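Trainee: Starting off with a structure, shown below.
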Amino acid sequence: MKGKAVLAFSGGLDTSVVVKYLQEKYNLDVVTVTVDVGQGDDQKKIAAKAKKLGVVKHYNLDARSEFVNDFIFPSIKANALYQKKYCLATALTRPLIAQKVVDIAKKESAKALAHGCTGKGNDQVRFDVTMRSGTTLPIIAPIRDLNLTRDVELKFAKKHGIQIDNTAKRFSIDQNLWGRAIEGGVMEDAYKEPPEDAFIWVKTKNLPDKPQYLEIEFKGGLPVAVDGKHLKPIELIQYINKKAGSCGVGIVDHIEDRVVGIKSREVYETPAATCLIEAHTDLEKMVLTKHELKFKSIVDSEWAWLAYSGLWQDPLKSDLDMFINATQMRVSGTVKLKMFKGSLRVVGRKSDYSLYSHDLATYGSGSTFDQTLAKGFVELWGFQSTEANKLLKKR
Ligand code: ARG
């Protein structure tokens with residue numbers, strides 16, 4: 001009997017090619033695992049595709065709730081934006097998918113784990129590190145290990161009758177509930193504007209002539225309602241993706257530093273992530289002290305780096321989670337966002353835990369702030385700076 005390899009399978013070009021390689025070059029039976037993280041694919045079609053490729057078994061696992069609760073939600077609490085822009089949509093799914101593959105490999109007594117990552121990207125790091133944290137089985141990654149290029153893959157796919165849809169021919173897409181990443185093709189020229197047909201979630205033409213508002217209510221750092229509607233987490237994210245996307249909000253285009261050292265031009269559609277992180281960050285500014293905010297921004301950026309760079313399993317990540325969770329108790333309240341022709345702006349916020357005091361801040365009469373106290377404070381505050389300058393001038 002041949003051994004089995006369990007492959008993380010999306011049904012796209014890379015993973016379809018990998019099935020054939022595992023069968024032909026590695027002489028293994030293939031078990032495919034497709035993890036539903038809200039990519040919106042037709043799971044029946046993927047199962048049929050796997051069958052057609054001759055796999056011995058196909059699993060389709062619905063991990064959407066787990067993805068939201070254990071990955072997206074912690075990332076909202078961490079205001080997670082890698083290099084201040086990327087909401088980690090792809091990055092957050094990889095440890096989850098890898099864990100599912102490991103679980104199935106144990107169940108199937110498999111001899112190897114497999115994935116379709118290239119040696120140039122971040123996903124190989126995320127998959128391998130999680131897999132390594134769960135088993136000692138060998139990891140086969142034919143595209144990386146055999147140094148295959150996309151052109152070679154396309155040819156190989158044609159030869160083996162693997163069908164590739166037209167979008168996949170033009171771009172490399174990875175999508176889930178939290179965002180849609182579009183890479184490759186014309187966008188590899190970092191100066192070229194992405195073509196309009198690259199975008200599916202965010203409208204780029206005929207945008208509404210009136211501004212639209214989103215009111216997001218948070219409890220303990222997490223969104224619980226939007227526009228007065230209490231929605232389940234998945235629906236809440238879908239609702240915002242749709243509404244913000246229809247206002248042209250949520251396109252990100254930036255240069256990103258990959259783990260392996262390559263700079264790449266990355267384009268994303270992330271309407272819900274953009275709105276939720278903008279709103280959450282704003283609410284924190286109202287309820288946390290300036291000391292908490294200053295320190296948390298360091299923790300947040302380290303958190304995003306760990307998630308991005310495949311170190312989801314590192315103990316530091318859970319240490320940071322403990323700190324972040326401790327800060328979220330007071331992050332409850334409502335934030336109002338205004339969206340108009342692609343722009344997004346916070347236009348209001350309120351919270352029972354607000355440290356903003358109108359009576360202190362107002363320039364009008366009735367302020368409870370005693371200005372006369374400020375004079376002495378400023379004197380002491382700037383003491384070292386002014387002394388240092390006096391000394392410098394003397395020399
Ligand atoms: N640059 C992003 C990341 O590393 C997105 C990559 C998504 N594309 C892909 N084909 N997996 O997370």
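Residues are referred to by chain and number: the chain letter is A, B, ... according to the order shown in the structure tokens, the number counts from 1 in that chain, and ligands are numbered separately from 1 in the order shown.
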Give as a PyMOL selection string the residues surrounding ligand 1 up to a distance of 6 Å, considering only C-alpha atoms and all ligand atoms.

Mentor: chain A and resi 88+90-91+122+172-174+181

Trainee: Would you save the residues from that selection as a PDB file, in the first residue's frame, using N, CA and C atoms?

Mentor:
ATOM      1  N   LEU A  88      -3.651  41.471   7.508  1.00  0.00           N
ATOM      2  CA  LEU A  88      -3.227  40.082   7.760  1.00  0.00           C
ATOM      3  C   LEU A  88      -4.243  39.019   7.340  1.00  0.00           C
ATOM      4  N   THR A  90      -4.671  36.985   4.835  1.00  0.00           N
ATOM      5  CA  THR A  90      -4.101  35.680   4.474  1.00  0.00           C
ATOM      6  C   THR A  90      -3.339  35.083   5.661  1.00  0.00           C
ATOM      7  N   ALA A  91      -2.518  35.920   6.270  1.00  0.00           N
ATOM      8  CA  ALA A  91      -1.629  35.454   7.343  1.00  0.00           C
ATOM      9  C   ALA A  91      -2.397  34.765   8.469  1.00  0.00           C
ATOM     10  N   ASN A 122       5.323  34.239   2.087  1.00  0.00           N
ATOM     11  CA  ASN A 122       5.239  34.118   3.534  1.00  0.00           C
ATOM     12  C   ASN A 122       4.493  32.865   3.970  1.00  0.00           C
ATOM     13  N   SER A 172      -2.982  36.342  -9.004  1.00  0.00           N
ATOM     14  CA  SER A 172      -2.990  35.304  -7.976  1.00  0.00           C
ATOM     15  C   SER A 172      -3.831  35.842  -6.814  1.00  0.00           C
ATOM     16  N   ILE A 173      -4.928  35.145  -6.539  1.00  0.00           N
ATOM     17  CA  ILE A 173      -5.892  35.672  -5.563  1.00  0.00           C
ATOM     18  C   ILE A 173      -5.912  34.793  -4.328  1.00  0.00           C
ATOM     19  N   ASP A 174      -5.974  35.412  -3.173  1.00  0.00           N
ATOM     20  CA  ASP A 174      -6.260  34.653  -1.957  1.00  0.00           C
ATOM     21  C   ASP A 174      -7.305  35.438  -1.178  1.00  0.00           C
ATOM     22  N   ALA A 181      -6.637  39.295  -1.276  1.00  0.00           N
ATOM     23  CA  ALA A 181      -5.315  39.721  -1.719  1.00  0.00           C
ATOM     24  C   ALA A 181      -5.198  39.453  -3.209  1.00  0.00           C
TER      25      ALA A 181
END

Trainee: At a cut-off of 8 Å, using only C-alpha atoms, what residues contact Leu311 of chain A? Leave out same-chain residues fewer than 4 positions from it and give the result as a list in words.

Mentor: Arg126, Val129, Leu306, Ala307 and Lys317 of chain A

Trainee: Suppose we keep N, CA and C atoms; can you now write the selection as an mmCIF file, in the first residue's frame?

Mentor:
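For reference, again_9.cif as written:
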data_model
loop_
_atom_site.group_PDB
_atom_site.id
_atom_site.type_symbol
_atom_site.label_atom_id
_atom_site.label_comp_id
_atom_site.auth_asym_id
_atom_site.auth_seq_id
_atom_site.Cartn_x
_atom_site.Cartn_y
_atom_site.Cartn_z
ATOM 1 N N ARG A 126 4.444 30.271 7.453
ATOM 2 C CA ARG A 126 3.285 30.091 8.345
ATOM 3 C C ARG A 126 2.861 28.633 8.402
ATOM 4 N N VAL A 129 5.840 26.360 10.106
ATOM 5 C CA VAL A 129 6.047 26.537 11.547
ATOM 6 C C VAL A 129 4.897 25.919 12.342
ATOM 7 N N LEU A 306 4.436 39.155 14.529
ATOM 8 C CA LEU A 306 4.442 37.719 14.825
ATOM 9 C C LEU A 306 3.429 36.990 13.939
ATOM 10 N N ALA A 307 2.232 37.569 13.814
ATOM 11 C CA ALA A 307 1.193 36.928 12.991
ATOM 12 C C ALA A 307 1.624 36.893 11.529
ATOM 13 N N LYS A 317 3.527 35.443 21.488
ATOM 14 C CA LYS A 317 2.210 35.862 20.967
ATOM 15 C C LYS A 317 1.149 35.729 22.056
#

Trainee: Return as number ranges by chain the full set of residues in segment 226-313 of chain A whose backbone-based DSSP assignment is strand (DSSP E).

Mentor: A: 226, 229-230, 251-257, 263-269

Trainee: Quick one: pull the distance between atom CA of Lys120 of chain A and atom CA of Arg258 of chain A, Å, one decimal.

Mentor: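 Taking atom CA of Lys120 of chain A as the start and atom CA of Arg258 of chain A as the end point, the length is 8.5 Å.
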
Trainee: As a ChimeraX atom specification, please: every residue in segment 167-382 of chain A that DSSP puts in helix (DSSP H, G or I).

Mentor: /A:167-170,185-188,196-198,233-246,271-287,290-308,315-328,358-361,372-381

Trainee: At a cut-off of 7 Å, using only C-alpha atoms, what residues contact Asn60 of chain A? Leave out same-chain residues fewer than 6 positions from it and give the result as JSON, numbers by chain.

Mentor: {"A": [33, 34, 35]}

Trainee: Using only C-alpha atoms, which of A:Asn147, A:Thr274, A:Thr118, A:Gln124 sits nearest Pro95 of chain A?

Mentor: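 Nearest candidate to Pro95 of chain A out of A:Asn147, A:Thr274, A:Thr118, A:Gln124: A:Gln124.
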
Trainee: What does the distance between atom CA of Asp319 of chain A and atom CA of Ser301 of chain A come to in Å, to one decimal place?

Mentor: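 Atom-to-atom, atom CA of Asp319 of chain A to atom CA of Ser301 of chain A, that is 14.0 Å.
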
Trainee: Between A:Gly310, A:Thr32, A:Pro315, A:Phe323, which residue has the minimum interatomic distance to Ile46 of chain A, considering only C-alpha atoms?

Mentor: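 Smallest distance to Ile46 of chain A is found for A:Thr32.
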
Trainee: Counting only C-alpha atoms, which residue out of A:Thr386, A:Thr270, A:Lys106, A:Lys77 sits closest to Lys296 of chain A?

Mentor: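 Of all the options, A:Lys77 lies closest to Lys296 of chain A.
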
Trainee: Rank A:Lys394, A:Lys203, A:Arg265, A:Lys155 by their smallest atom-to-atom distance to Val186 of chain A, using only C-alpha atoms, and report the top residue only.

Mentor: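 Closest to Val186 of chain A, using only C-alpha atoms: A:Arg265.
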
Trainee: Compile the contact shell of segment 6-10 of chain A as a ChimeraX atom specification: residues with an atom at most 10 Å away, counting only C-alpha atoms, same-chain residues fewer than 6 positions apart removed.

Mentor: /A:16,18-19,22,28-36,39,41,43,46-47,49-50,55,57-60,94,97-98,100-106,108-117,127,139-141,174

Trainee: Which residues of segment 216-270 of chain A come within 10 Å of segment 189-193 of chain A, and what is each one's closest atom pair and distance in Å (one decimal), counting only C-alpha atoms, sorted by chain and residue number, as JSON lines?

Mentor:
{"residue": "A:Asp253", "atom": "CA", "partner": "A:Glu193", "partner_atom": "CA", "distance": 9.2}
{"residue": "A:His254", "atom": "CA", "partner": "A:Ala190", "partner_atom": "CA", "distance": 8.8}
{"residue": "A:Ile255", "atom": "CA", "partner": "A:Ala190", "partner_atom": "CA", "distance": 8.1}
{"residue": "A:Ser264", "atom": "CA", "partner": "A:Ala190", "partner_atom": "CA", "distance": 8.4}
{"residue": "A:Arg265", "atom": "CA", "partner": "A:Ala190", "partner_atom": "CA", "distance": 5.9}
{"residue": "A:Glu266", "atom": "CA", "partner": "A:Ala190", "partner_atom": "CA", "distance": 8.9}

Trainee: Grab the atom CA of Thr135 of chain A to atom CA of Leu92 of chain A distance for me, in Å with one decimal place.

Mentor: 20.3 Å

Trainee: Which of these residues is nearest to Phe171 of chain A, using only C-alpha atoms: A:Glu153, A:Asp197, A:Glu217, A:Glu379?

Mentor: A:Asp197
